[in-house]
file protein_32.cif (mmCIF, C-alpha atoms and all ligand atoms)
data_structure
#
loop_
_atom_site.label_atom_id
_atom_site.label_comp_id
_atom_site.auth_asym_id
_atom_site.auth_seq_id
_atom_site.Cartn_x
_atom_site.Cartn_y
_atom_site.Cartn_z
CA MET A 1 172.80 327.95 -28.72
CA LYS A 2 172.58 329.54 -25.29
CA LEU A 3 169.28 331.16 -24.32
CA SER A 4 171.19 334.38 -23.61
CA GLU A 5 172.28 334.51 -27.29
CA ILE A 6 168.70 333.91 -28.44
CA ILE A 7 167.53 336.75 -26.20
CA GLU A 8 170.07 338.98 -27.89
CA ILE A 9 169.37 338.09 -31.51
CA VAL A 10 165.57 338.45 -31.26
CA SER A 11 165.90 341.49 -28.94
CA ALA A 12 163.78 339.76 -26.31
CA ILE A 13 162.58 341.09 -23.00
CA VAL A 14 163.03 338.64 -20.13
CA ILE A 15 159.92 338.18 -18.00
CA ASN A 16 161.26 335.20 -16.12
CA GLU A 17 164.75 333.71 -16.22
CA GLY A 18 163.74 330.14 -15.36
CA LYS A 19 166.81 327.97 -14.80
CA GLY A 20 169.02 330.80 -16.07
CA THR A 21 169.87 332.14 -19.50
CA SER A 22 172.98 330.00 -19.88
CA ILE A 23 170.89 326.90 -20.68
CA GLU A 24 171.47 325.34 -24.08
CA ILE A 25 168.54 325.40 -26.53
CA VAL A 26 168.83 322.48 -28.95
CA SER A 27 165.83 323.11 -31.19
CA VAL A 28 162.55 324.99 -31.53
CA CYS A 29 158.88 324.08 -31.65
CA GLY A 30 156.93 326.98 -33.21
CA THR A 31 153.16 326.63 -32.86
CA ASP A 32 149.98 328.12 -31.45
CA MET A 33 148.39 324.69 -31.01
CA MET A 34 149.23 323.16 -27.66
CA SER A 35 148.37 319.63 -28.82
CA ASP A 36 150.98 319.99 -31.57
CA ALA A 37 153.56 320.92 -28.94
CA LEU A 38 152.48 317.90 -26.87
CA ARG A 39 152.83 315.70 -29.96
CA TYR A 40 156.04 317.01 -31.52
CA ALA A 41 158.08 318.94 -28.97
CA ILE A 42 161.19 317.34 -27.57
CA LYS A 43 162.93 317.78 -24.25
CA ASP A 44 165.03 320.97 -24.08
CA ALA A 45 163.40 322.55 -27.13
CA MET A 46 162.21 326.16 -26.93
CA LEU A 47 158.55 326.90 -27.66
CA ILE A 48 157.82 329.91 -29.86
CA THR A 49 154.17 330.94 -29.83
CA SER A 50 151.84 333.90 -30.16
CA LEU A 51 149.61 332.51 -27.41
CA ASN A 52 149.69 334.46 -24.17
CA GLN A 53 147.92 331.99 -21.88
CA PRO A 54 149.00 330.06 -18.77
CA GLN A 55 148.33 326.74 -20.55
CA VAL A 56 151.41 327.49 -22.65
CA ILE A 57 153.46 327.14 -19.46
CA ARG A 58 151.57 323.97 -18.43
CA THR A 59 152.31 322.48 -21.82
CA ALA A 60 155.97 323.45 -21.54
CA GLU A 61 156.15 321.84 -18.11
CA ILE A 62 154.64 318.56 -19.33
CA VAL A 63 157.10 318.14 -22.24
CA ASP A 64 160.19 319.50 -20.44
CA ILE A 65 160.45 322.70 -22.44
CA PRO A 66 162.74 325.03 -20.45
CA ALA A 67 161.97 328.26 -22.33
CA VAL A 68 159.03 329.96 -24.03
CA LEU A 69 159.28 332.87 -26.46
CA VAL A 70 156.05 334.85 -26.95
CA VAL A 71 156.00 336.77 -30.23
CA LEU A 72 154.35 339.94 -31.54
CA GLY A 73 154.96 341.71 -28.24
CA LYS A 74 151.74 340.19 -26.89
CA PRO A 75 150.96 341.37 -23.37
CA ILE A 76 151.91 338.73 -20.81
CA PRO A 77 149.14 338.20 -18.24
CA TYR A 78 150.24 337.93 -14.61
CA ASP A 79 148.83 334.41 -14.25
CA MET A 80 151.10 333.28 -17.10
CA ALA A 81 154.16 335.08 -15.71
CA ASN A 82 153.51 333.75 -12.20
CA LEU A 83 153.12 330.18 -13.40
CA ALA A 84 156.38 330.45 -15.36
CA LYS A 85 158.07 331.59 -12.17
CA GLU A 86 156.51 328.79 -10.12
CA LYS A 87 157.50 326.14 -12.69
CA ASN A 88 160.96 327.62 -13.24
CA ILE A 89 160.45 328.04 -16.98
CA ALA A 90 162.10 330.91 -18.84
CA LEU A 91 159.56 333.29 -20.38
CA ILE A 92 160.74 335.87 -22.88
CA SER A 93 158.96 338.22 -25.27
CA THR A 94 159.86 339.66 -28.66
CA LYS A 95 158.23 342.23 -30.91
CA TYR A 96 159.02 340.10 -33.99
CA SER A 97 156.37 337.88 -35.61
CA LEU A 98 156.42 334.08 -35.35
CA PHE A 99 157.74 333.90 -38.92
CA THR A 100 160.51 336.43 -38.40
CA SER A 101 161.53 335.03 -35.00
CA CYS A 102 161.83 331.53 -36.46
CA GLY A 103 163.61 332.89 -39.54
CA ILE A 104 166.23 334.70 -37.50
CA LEU A 105 166.89 331.64 -35.36
CA TYR A 106 167.01 329.37 -38.42
CA GLN A 107 169.64 331.65 -39.92
CA HIS A 108 171.65 331.16 -36.76
CA GLY A 109 171.55 327.39 -37.12
CA ILE A 110 168.62 326.49 -34.88
CA ARG A 111 166.35 323.81 -36.37
CA SER A 112 162.83 322.49 -35.83
CA CYS A 113 162.45 319.90 -33.11
CA LEU A 114 160.98 317.68 -35.84
CA GLU A 115 164.32 317.69 -37.65
CA HIS A 116 166.20 317.00 -34.46
CA GLN A 117 167.58 313.49 -34.31
CA SER A 118 166.30 312.72 -30.81
CA ASN A 119 162.70 313.07 -32.05
CA ARG A 120 161.05 309.67 -32.28
CA MET B 121 140.76 294.99 -8.12
CA ASN B 122 142.07 292.14 -5.96
CA ILE B 123 143.71 292.34 -2.54
CA ASN B 124 147.21 292.06 -4.04
CA GLN B 125 146.66 295.08 -6.24
CA ILE B 126 145.34 297.14 -3.34
CA ASP B 127 148.41 296.24 -1.31
CA ASN B 128 150.63 297.29 -4.18
CA VAL B 129 149.37 300.85 -4.54
CA ILE B 130 152.29 303.24 -4.05
CA ARG B 131 150.39 306.46 -4.67
CA GLU B 132 146.99 307.53 -5.87
CA GLY B 133 145.08 310.74 -6.27
CA SER B 134 142.06 312.31 -7.91
CA PHE B 135 141.05 315.68 -9.31
CA GLN B 136 137.76 317.33 -10.17
CA LEU B 137 137.60 318.80 -13.67
CA PHE B 138 135.07 321.31 -15.01
CA GLU B 139 134.29 322.41 -18.55
CA GLY B 140 135.71 325.82 -19.35
CA ASP B 141 137.97 325.89 -16.28
CA PHE B 142 141.12 326.89 -18.12
CA THR B 143 142.62 328.44 -15.00
CA ASN B 144 143.28 325.04 -13.44
CA ALA B 145 143.72 323.22 -16.72
CA GLY B 146 146.80 321.05 -16.47
CA ALA B 147 147.11 321.12 -12.68
CA ALA B 148 146.18 317.43 -12.36
CA SER B 149 148.77 316.32 -14.93
CA SER B 150 151.35 318.60 -13.38
CA GLU B 151 150.86 316.95 -9.98
CA LEU B 152 150.95 313.48 -11.51
CA LYS B 153 154.22 314.35 -13.23
CA ASN B 154 155.74 315.54 -9.95
CA VAL B 155 154.59 312.41 -8.11
CA LEU B 156 156.14 310.19 -10.80
CA LYS B 157 159.40 312.14 -10.58
CA GLU B 158 159.38 311.81 -6.80
CA ILE B 159 158.87 308.06 -7.00
CA GLY B 160 161.68 307.86 -9.54
CA VAL B 161 159.78 306.37 -12.47
CA ASP B 162 161.73 306.01 -15.73
CA GLU B 163 161.90 309.37 -17.58
CA ASN B 164 160.39 308.10 -20.79
CA VAL B 165 157.36 306.75 -18.93
CA ILE B 166 156.97 310.04 -17.02
CA ARG B 167 156.91 311.93 -20.30
CA ARG B 168 154.40 309.63 -21.97
CA ALA B 169 152.10 309.48 -18.92
CA SER B 170 152.15 313.26 -18.38
CA ILE B 171 151.33 314.01 -22.02
CA ALA B 172 148.46 311.49 -22.07
CA ALA B 173 147.09 312.75 -18.75
CA PHE B 174 147.22 316.36 -19.95
CA GLU B 175 145.35 315.65 -23.20
CA ALA B 176 142.74 313.58 -21.33
CA GLU B 177 142.34 316.32 -18.74
CA MET B 178 141.91 318.95 -21.46
CA ASN B 179 139.24 316.87 -23.20
CA VAL B 180 137.05 317.03 -20.09
CA ILE B 181 137.68 320.76 -19.78
CA ILE B 182 136.86 321.29 -23.48
CA HIS B 183 134.19 318.67 -24.23
CA GLY B 184 133.20 316.82 -21.08
CA VAL B 185 131.03 319.15 -18.91
CA ALA B 186 132.52 317.83 -15.63
CA GLY B 187 134.55 314.86 -14.54
CA THR B 188 137.41 313.41 -12.56
CA LEU B 189 140.94 312.32 -13.24
CA PHE B 190 142.05 309.46 -11.03
CA TYR B 191 145.54 308.02 -10.98
CA SER B 192 146.90 305.00 -9.27
CA ILE B 193 150.51 303.87 -9.27
CA THR B 194 151.53 300.35 -8.37
CA LYS B 195 154.88 298.59 -8.77
CA GLU B 196 153.67 297.23 -12.09
CA GLU B 197 151.75 300.07 -13.69
CA ILE B 198 150.40 303.59 -13.78
CA ARG B 199 146.67 303.67 -14.35
CA ILE B 200 144.95 306.95 -15.27
CA THR B 201 141.17 306.91 -15.39
CA VAL B 202 139.38 309.99 -16.67
CA THR B 203 135.61 309.97 -16.42
CA ASP B 204 133.16 312.67 -17.41
CA ILE B 205 129.42 313.28 -17.54
CA GLY B 206 129.57 315.02 -20.93
CA PRO B 207 127.76 314.29 -24.20
CA GLY B 208 129.77 311.17 -25.10
CA ILE B 209 131.56 310.54 -28.41
CA PRO B 210 129.24 309.62 -31.31
CA ASP B 211 131.94 308.10 -33.54
CA ILE B 212 135.10 306.91 -31.79
CA ASN B 213 136.90 306.03 -35.06
CA LEU B 214 136.38 309.57 -36.32
CA ALA B 215 137.43 311.09 -32.99
CA MET B 216 140.62 308.99 -33.07
CA GLN B 217 141.71 310.50 -36.40
CA GLU B 218 144.49 313.08 -36.26
CA GLY B 219 143.04 316.53 -36.97
CA TYR B 220 139.39 315.70 -36.28
CA SER B 221 137.96 318.16 -33.78
CA THR B 222 134.57 319.58 -32.89
CA ALA B 223 136.11 322.22 -30.62
CA PRO B 224 134.57 325.68 -31.10
CA ASP B 225 136.58 328.68 -32.30
CA TRP B 226 137.07 330.19 -28.87
CA VAL B 227 138.79 326.98 -27.74
CA ARG B 228 141.08 327.12 -30.79
CA GLU B 229 141.95 330.70 -29.91
CA MET B 230 143.20 329.38 -26.56
CA GLY B 231 145.55 326.99 -28.34
CA TRP B 232 143.44 323.81 -28.15
CA GLY B 233 141.24 321.93 -30.58
CA ALA B 234 143.90 320.67 -32.99
CA GLY B 235 142.28 317.24 -32.99
CA MET B 236 145.55 315.65 -31.89
CA GLY B 237 144.58 314.71 -28.33
CA LEU B 238 143.04 311.24 -28.52
CA PRO B 239 145.51 309.95 -31.15
CA ASN B 240 148.41 311.24 -29.07
CA ILE B 241 147.05 309.57 -25.92
CA LYS B 242 146.91 306.30 -27.87
CA LYS B 243 150.43 306.81 -29.25
CA ASN B 244 151.89 307.36 -25.79
CA ALA B 245 149.95 304.77 -23.78
CA ASP B 246 150.84 301.12 -23.33
CA SER B 247 147.12 300.35 -23.11
CA PHE B 248 144.21 302.66 -23.89
CA THR B 249 140.45 302.09 -23.82
CA ILE B 250 137.52 304.45 -24.40
CA ASP B 251 134.07 303.75 -23.00
CA THR B 252 131.46 306.20 -24.11
CA VAL B 253 127.67 306.40 -23.90
CA LEU B 254 125.85 309.16 -25.78
CA GLY B 255 124.20 311.58 -23.40
CA GLU B 256 125.87 309.99 -20.37
CA GLY B 257 129.59 310.46 -20.62
CA THR B 258 132.99 309.10 -21.45
CA THR B 259 135.61 307.12 -19.55
CA LEU B 260 139.20 306.74 -20.67
CA GLU B 261 141.48 304.17 -19.09
CA ILE B 262 145.11 304.78 -19.86
CA LYS B 263 147.88 302.46 -18.63
CA PHE B 264 151.64 302.51 -18.57
CA TYR B 265 153.58 299.40 -17.62
CA LEU B 266 156.57 299.86 -15.37
CA LYS B 267 159.53 297.76 -16.43
CA TYR B 268 162.14 299.24 -14.14
CA PHE B 269 162.40 299.47 -10.39
CA PRO B 270 161.73 303.12 -9.47
CA LEU B 271 164.90 304.94 -8.47
CA PRO B 272 164.20 308.13 -6.51
CA LYS B 273 166.56 310.94 -7.52
CA VAL B 274 168.98 312.10 -4.85
CA ASP B 275 170.28 315.65 -5.32
N1 LIG C 301 135.51 313.59 -23.17
C1 LIG C 301 134.90 313.83 -24.34
N2 LIG C 301 133.56 314.03 -24.41
C2 LIG C 301 132.95 314.27 -25.60
N3 LIG C 301 133.60 314.34 -26.77
C3 LIG C 301 134.94 314.15 -26.77
C4 LIG C 301 135.66 313.91 -25.56
N4 LIG C 301 136.96 313.75 -25.87
C5 LIG C 301 137.06 313.90 -27.20
N5 LIG C 301 135.85 314.14 -27.76
C6 LIG C 301 135.53 314.33 -29.18
O1 LIG C 301 136.59 313.81 -29.97
C7 LIG C 301 137.19 314.87 -30.76
C8 LIG C 301 138.67 314.64 -30.90
O2 LIG C 301 139.32 314.75 -29.64
P1 LIG C 301 140.85 315.15 -29.56
O3 LIG C 301 141.62 314.21 -30.48
O4 LIG C 301 141.28 315.22 -28.16
O5 LIG C 301 140.88 316.58 -30.27
P2 LIG C 301 140.44 318.02 -29.69
O6 LIG C 301 140.21 317.90 -28.22
O7 LIG C 301 141.58 318.88 -30.04
O8 LIG C 301 139.19 318.39 -30.44
C9 LIG C 301 136.80 316.12 -30.04
O9 LIG C 301 136.82 317.26 -30.88
C10 LIG C 301 135.38 315.80 -29.56
O10 LIG C 301 134.46 315.89 -30.61
MG MG C 302 141.55 316.99 -27.04
#
call {"tool": "encode", "arguments": {"input": "protein_32.cif", "output": "structure tokens"}}
result
Amino acid sequence: MKLSEIIEIVSAIVINEGKGTSIEIVSVCGTDMMSDALRYAIKDAMLITSLNQPQVIRTAEIVDIPAVLVVLGKPIPYDMANLAKEKNIALISTKYSLFTSCGILYQHGIRSCLEHQSNR
Amino acid sequence: MNINQIDNVIREGSFQLFEGDFTNAGAASSELKNVLKEIGVDENVIRRASIAAFEAEMNVIIHGVAGTLFYSITKEEIRITVTDIGPGIPDINLAMQEGYSTAPDWVREMGWGAGMGLPNIKKNADSFTIDTVLGEGTTLEIKFYLKYFPLPKVD
């Protein structure tokens, strides 16, 4: 699914576009633990998290995650937004909870990166 | 290190790491990743090395008081050495178990302390050793063997 469609269905606000909203999101990693993202995330997955810290962007950069969705309408600190801009990673925000965000996307056919076949 | 190995070094670098310095957390691994991309190292190796470097870097920032991350890239291998002057690890077998963590709550609130770091470093590395002395510090040596000739990307 295109990132632009995801933005629409979870009514997200775009803080940073990254490589553009026409990128294809193949799966999702939903977690607040960065080590879990480093262990389980796959390339081109989107990270959904309630953490509003710059390390989220660092983690995304390391595992080639092109887009991060921050839930619960958490305020986005400037250092996080600036790092996303510098690293060219899309950063979007929704008012929905982690559960609801994942539920909506699941209903639209998006699956966990763990279920994705390219996960080792 | 013998003369041949010295001659072979393509790139190397080092970073200072300090406990609690979450602002710069990940900067060392980010640079290493960019260097590996620039050299044209195989994508799978870049991914594994960056993940291992990031977890090792975070361990110094979370547990290790202060330390350095040193990387050296030769034609044959990537070597990442992370040394700290922290408390050391009392029980390495326990620390290597998935989910074991002594990280305090405030660290968990920042998204770390899942107890997945050391096992994930081991999973990703081609060779991994821990040297630790209680009260003196910990040194990790993490290696990745390069099987393919590096092909720099041309855009
Ligand atoms: N550099 C270090 N110095 C002291 N203790 C460490 C160090 N690295 C790891 N440890 C110990 O090993 C445990 C497990 O480490 P790790 O698997 O990375 O999980 P986490 O960092 O999430 O706690 C840590 O909680 C800590 O007790
Ligand atoms: Mg750790």
call {"tool": "closest_residue", "arguments": {"input": "protein_32.cif", "among": "B:Gly219, B:Gly160, B:Gly257, B:Gly187", "to": "ligand MG 302 (chain C)", "atoms": "only C-alpha atoms and all ligand atoms"}}
result
B:Gly219
call {"tool": "residues_near_ligand", "arguments": {"input": "protein_32.cif", "ligand": "ligand MG 302 (chain C)", "cutoff": "9 Å", "atoms": "all atoms listed in the file", "output": "list in words"}}
result
Ser35 of chain A; Glu175, Ala176, Glu177, Met178, Asn179, Val180, Ile182, His183, Ser221, Ala223, Trp232, Gly233, Ala234, Gly235, Met236, Gly237 and Leu238 of chain B
call {"tool": "closest_atom_pairs", "arguments": {"input": "protein_32.cif", "of": "chain A", "to": "ligand LIG 301 (chain C)", "cutoff": "10 Å", "atoms": "only C-alpha atoms and all ligand atoms", "output": "tab-separated table"}}
result
residue	atom	partner	partner_atom	distance
A:Met33	CA	C:LIG301	O7	9.0
A:Met34	CA	C:LIG301	O7	9.1
A:Ser35	CA	C:LIG301	O7	6.9
A:Asp36	CA	C:LIG301	O7	9.6
call {"tool": "write_last_selection", "arguments": {"input": "protein_32.cif", "atoms": "C-alpha atoms", "output": "short mmCIF file (atom, residue, chain, number, x, y, z; two decimals), in the coordinates of the input"}}
result
data_model
loop_
_atom_site.label_atom_id
_atom_site.label_comp_id
_atom_site.auth_asym_id
_atom_site.auth_seq_id
_atom_site.Cartn_x
_atom_site.Cartn_y
_atom_site.Cartn_z
CA MET A 33 148.39 324.69 -31.01
CA MET A 34 149.23 323.16 -27.66
CA SER A 35 148.37 319.63 -28.82
CA ASP A 36 150.98 319.99 -31.57
#
call {"tool": "atom_distance", "arguments": {"input": "protein_32.cif", "atom1": "atom CA of A:Ser22", "atom2": "atom CA of A:Val10"}}
result
16.0 Å
call {"tool": "residues_around", "arguments": {"input": "protein_32.cif", "residues": "stretch 5-9 of chain A", "least_positions_apart": "4", "cutoff": "8 Å", "atoms": "only C-alpha atoms", "output": "VMD selection string"}}
result
chain A and resid 1 13 to 14 92 104 to 105
call {"tool": "axis_aligned_box", "arguments": {"input": "protein_32.cif", "around": "stretch 171-177 of chain B", "padding_each_side": "3 Å", "output": "AutoDock Vina command-line options"}}
result
--center_x 146.8 --center_y 313.9 --center_z -21.0 --size_x 15.0 --size_y 10.9 --size_z 10.5
call {"tool": "residues_near_point", "arguments": {"input": "protein_32.cif", "point": "(152.6, 325.3, -31.7)", "cutoff": "9 Å", "atoms": "all atoms listed in the file", "output": "number ranges by chain"}}
result
A: 29-38, 40-41, 47-51; B: 231
call {"tool": "write_last_selection", "arguments": {"input": "protein_32.cif", "atoms": "C-alpha atoms", "output": "compact mmCIF listing (two decimals), keeping the file's coordinate frame"}}
result
# COMPACT_ATOMS: atom_id res chain seq x y z
CA CYS A 29 158.88 324.08 -31.65
CA GLY A 30 156.93 326.98 -33.21
CA THR A 31 153.16 326.63 -32.86
CA ASP A 32 149.98 328.12 -31.45
CA MET A 33 148.39 324.69 -31.01
CA MET A 34 149.23 323.16 -27.66
CA SER A 35 148.37 319.63 -28.82
CA ASP A 36 150.98 319.99 -31.57
CA ALA A 37 153.56 320.92 -28.94
CA LEU A 38 152.48 317.90 -26.87
CA TYR A 40 156.04 317.01 -31.52
CA ALA A 41 158.08 318.94 -28.97
CA LEU A 47 158.55 326.90 -27.66
CA ILE A 48 157.82 329.91 -29.86
CA THR A 49 154.17 330.94 -29.83
CA SER A 50 151.84 333.90 -30.16
CA LEU A 51 149.61 332.51 -27.41
CA GLY B 231 145.55 326.99 -28.34
call {"tool": "residues_around", "arguments": {"input": "protein_32.cif", "residues": "B:Thr203", "least_positions_apart": "4", "cutoff": "12 Å", "atoms": "all atoms listed in the file", "output": "ChimeraX atom specification"}}
result
/B:134-138,176-177,179-181,183-191,207-208,249-253,256-262
call {"tool": "atom_distance", "arguments": {"input": "protein_32.cif", "atom1": "atom CA of A:Val63", "atom2": "atom CA of A:Asn82"}}
result
18.9 Å
call {"tool": "atom_distance", "arguments": {"input": "protein_32.cif", "atom1": "atom CA of A:Asp44", "atom2": "atom CA of A:Lys19"}}
result
11.8 Å
call {"tool": "residues_around", "arguments": {"input": "protein_32.cif", "residues": "A:Pro54", "least_positions_apart": "4", "cutoff": "7 Å", "atoms": "all atoms listed in the file", "output": "VMD selection string"}}
result
chain A and resid 58 79 to 80 83
call {"tool": "write_last_selection", "arguments": {"input": "protein_32.cif", "atoms": "C-alpha atoms", "output": "mmCIF file, in the frame of the given file"}}
result
data_model
loop_
_atom_site.group_PDB
_atom_site.id
_atom_site.type_symbol
_atom_site.label_atom_id
_atom_site.label_comp_id
_atom_site.auth_asym_id
_atom_site.auth_seq_id
_atom_site.Cartn_x
_atom_site.Cartn_y
_atom_site.Cartn_z
ATOM 1 C CA ARG A 58 151.570 323.970 -18.430
ATOM 2 C CA ASP A 79 148.830 334.410 -14.250
ATOM 3 C CA MET A 80 151.100 333.280 -17.100
ATOM 4 C CA LEU A 83 153.120 330.180 -13.400
#
call {"tool": "interface_residues", "arguments": {"input": "protein_32.cif", "of": "chain B", "to": "chain A", "cutoff": "9 Å", "atoms": "only C-alpha atoms", "output": "VMD selection string"}}
result
chain B and resid 142 to 147 149 to 150 153 167 to 168 170 to 172 174 to 175 228 to 237 240
call {"tool": "residues_around", "arguments": {"input": "protein_32.cif", "residues": "stretch 266-272 of chain B", "least_positions_apart": "4", "cutoff": "6 Å", "atoms": "only C-alpha atoms", "output": "VMD selection string"}}
result
chain B and resid 159 to 161 196 to 197
call {"tool": "closest_residue", "arguments": {"input": "protein_32.cif", "among": "A:Val70, A:Met46, A:Ala60, A:Val28", "to": "A:Ser97", "atoms": "all atoms listed in the file"}}
result
A:Val70
call {"tool": "residues_near_point", "arguments": {"input": "protein_32.cif", "point": "(157.3, 336.4, -26.8)", "cutoff": "6 Å", "atoms": "only C-alpha atoms", "output": "PyMOL selection string"}}
result
chain A and resi 69-71+73+92-94
call {"tool": "write_last_selection", "arguments": {"input": "protein_32.cif", "atoms": "C-alpha atoms", "output": "mmCIF file, keeping the file's coordinate frame"}}
result
data_model
loop_
_atom_site.group_PDB
_atom_site.id
_atom_site.type_symbol
_atom_site.label_atom_id
_atom_site.label_comp_id
_atom_site.auth_asym_id
_atom_site.auth_seq_id
_atom_site.Cartn_x
_atom_site.Cartn_y
_atom_site.Cartn_z
ATOM 1 C CA LEU A 69 159.280 332.870 -26.460
ATOM 2 C CA VAL A 70 156.050 334.850 -26.950
ATOM 3 C CA VAL A 71 156.000 336.770 -30.230
ATOM 4 C CA GLY A 73 154.960 341.710 -28.240
ATOM 5 C CA ILE A 92 160.740 335.870 -22.880
ATOM 6 C CA SER A 93 158.960 338.220 -25.270
ATOM 7 C CA THR A 94 159.860 339.660 -28.660
#
call {"tool": "closest_residue", "arguments": {"input": "protein_32.cif", "among": "B:Ala148, B:Glu132, B:Thr222, B:Asn164", "to": "B:Pro210", "atoms": "all atoms listed in the file"}}
result
B:Thr222
call {"tool": "residues_around", "arguments": {"input": "protein_32.cif", "residues": "A:Tyr106", "least_positions_apart": "5", "cutoff": "10 Å", "atoms": "all atoms listed in the file", "output": "number ranges by chain"}}
result
A: 27-28, 100-101, 111-112
call {"tool": "decode", "arguments": {"input": "protein_32.cif", "residues": "stretch 77-83 of chain A", "atoms": "all heavy atoms", "output": "mmCIF file, in the first residue's frame"}}
result
data_model
loop_
_atom_site.group_PDB
_atom_site.id
_atom_site.type_symbol
_atom_site.label_atom_id
_atom_site.label_comp_id
_atom_site.auth_asym_id
_atom_site.auth_seq_id
_atom_site.Cartn_x
_atom_site.Cartn_y
_atom_site.Cartn_z
ATOM 1 N N PRO A 77 9.059 16.135 19.166
ATOM 2 C CA PRO A 77 10.104 17.117 19.481
ATOM 3 C C PRO A 77 10.883 17.516 18.224
ATOM 4 O O PRO A 77 11.013 16.718 17.295
ATOM 5 C CB PRO A 77 11.016 16.394 20.472
ATOM 6 C CG PRO A 77 10.571 14.990 20.535
ATOM 7 C CD PRO A 77 9.319 14.820 19.762
ATOM 8 N N TYR A 78 11.389 18.735 18.223
ATOM 9 C CA TYR A 78 12.119 19.231 17.051
ATOM 10 C C TYR A 78 13.320 18.362 16.708
ATOM 11 O O TYR A 78 13.618 18.139 15.543
ATOM 12 C CB TYR A 78 12.562 20.678 17.264
ATOM 13 C CG TYR A 78 11.460 21.656 16.953
ATOM 14 C CD1 TYR A 78 10.904 22.453 17.942
ATOM 15 C CD2 TYR A 78 10.960 21.766 15.660
ATOM 16 C CE1 TYR A 78 9.875 23.339 17.668
ATOM 17 C CE2 TYR A 78 9.927 22.639 15.359
ATOM 18 C CZ TYR A 78 9.391 23.422 16.369
ATOM 19 O OH TYR A 78 8.379 24.285 16.078
ATOM 20 N N ASP A 79 14.033 17.848 17.755
ATOM 21 C CA ASP A 79 15.215 17.043 17.420
ATOM 22 C C ASP A 79 14.832 15.777 16.651
ATOM 23 O O ASP A 79 15.564 15.331 15.772
ATOM 24 C CB ASP A 79 16.096 16.748 18.651
ATOM 25 C CG ASP A 79 15.350 16.067 19.796
ATOM 26 O OD1 ASP A 79 14.133 15.819 19.673
ATOM 27 O OD2 ASP A 79 16.003 15.784 20.815
ATOM 28 N N MET A 80 13.642 15.237 16.953
ATOM 29 C CA MET A 80 13.167 14.057 16.221
ATOM 30 C C MET A 80 12.776 14.430 14.783
ATOM 31 O O MET A 80 13.166 13.764 13.820
ATOM 32 C CB MET A 80 11.965 13.455 16.950
ATOM 33 C CG MET A 80 11.449 12.180 16.327
ATOM 34 S SD MET A 80 9.991 11.588 17.217
ATOM 35 C CE MET A 80 9.827 9.945 16.508
ATOM 36 N N ALA A 81 12.032 15.519 14.659
ATOM 37 C CA ALA A 81 11.598 15.974 13.336
ATOM 38 C C ALA A 81 12.798 16.331 12.451
ATOM 39 O O ALA A 81 12.850 15.975 11.272
ATOM 40 C CB ALA A 81 10.677 17.175 13.486
ATOM 41 N N ASN A 82 13.778 17.011 13.052
ATOM 42 C CA ASN A 82 14.961 17.425 12.291
ATOM 43 C C ASN A 82 15.784 16.226 11.825
ATOM 44 O O ASN A 82 16.287 16.211 10.699
ATOM 45 C CB ASN A 82 15.845 18.356 13.121
ATOM 46 C CG ASN A 82 15.176 19.711 13.329
ATOM 47 O OD1 ASN A 82 14.274 20.083 12.575
ATOM 48 N ND2 ASN A 82 15.583 20.431 14.361
ATOM 49 N N LEU A 83 15.903 15.231 12.701
ATOM 50 C CA LEU A 83 16.665 14.035 12.329
ATOM 51 C C LEU A 83 15.956 13.282 11.195
ATOM 52 O O LEU A 83 16.598 12.794 10.259
ATOM 53 C CB LEU A 83 16.860 13.117 13.549
ATOM 54 C CG LEU A 83 17.920 12.033 13.418
ATOM 55 C CD1 LEU A 83 19.309 12.615 13.161
ATOM 56 C CD2 LEU A 83 17.963 11.151 14.672
#
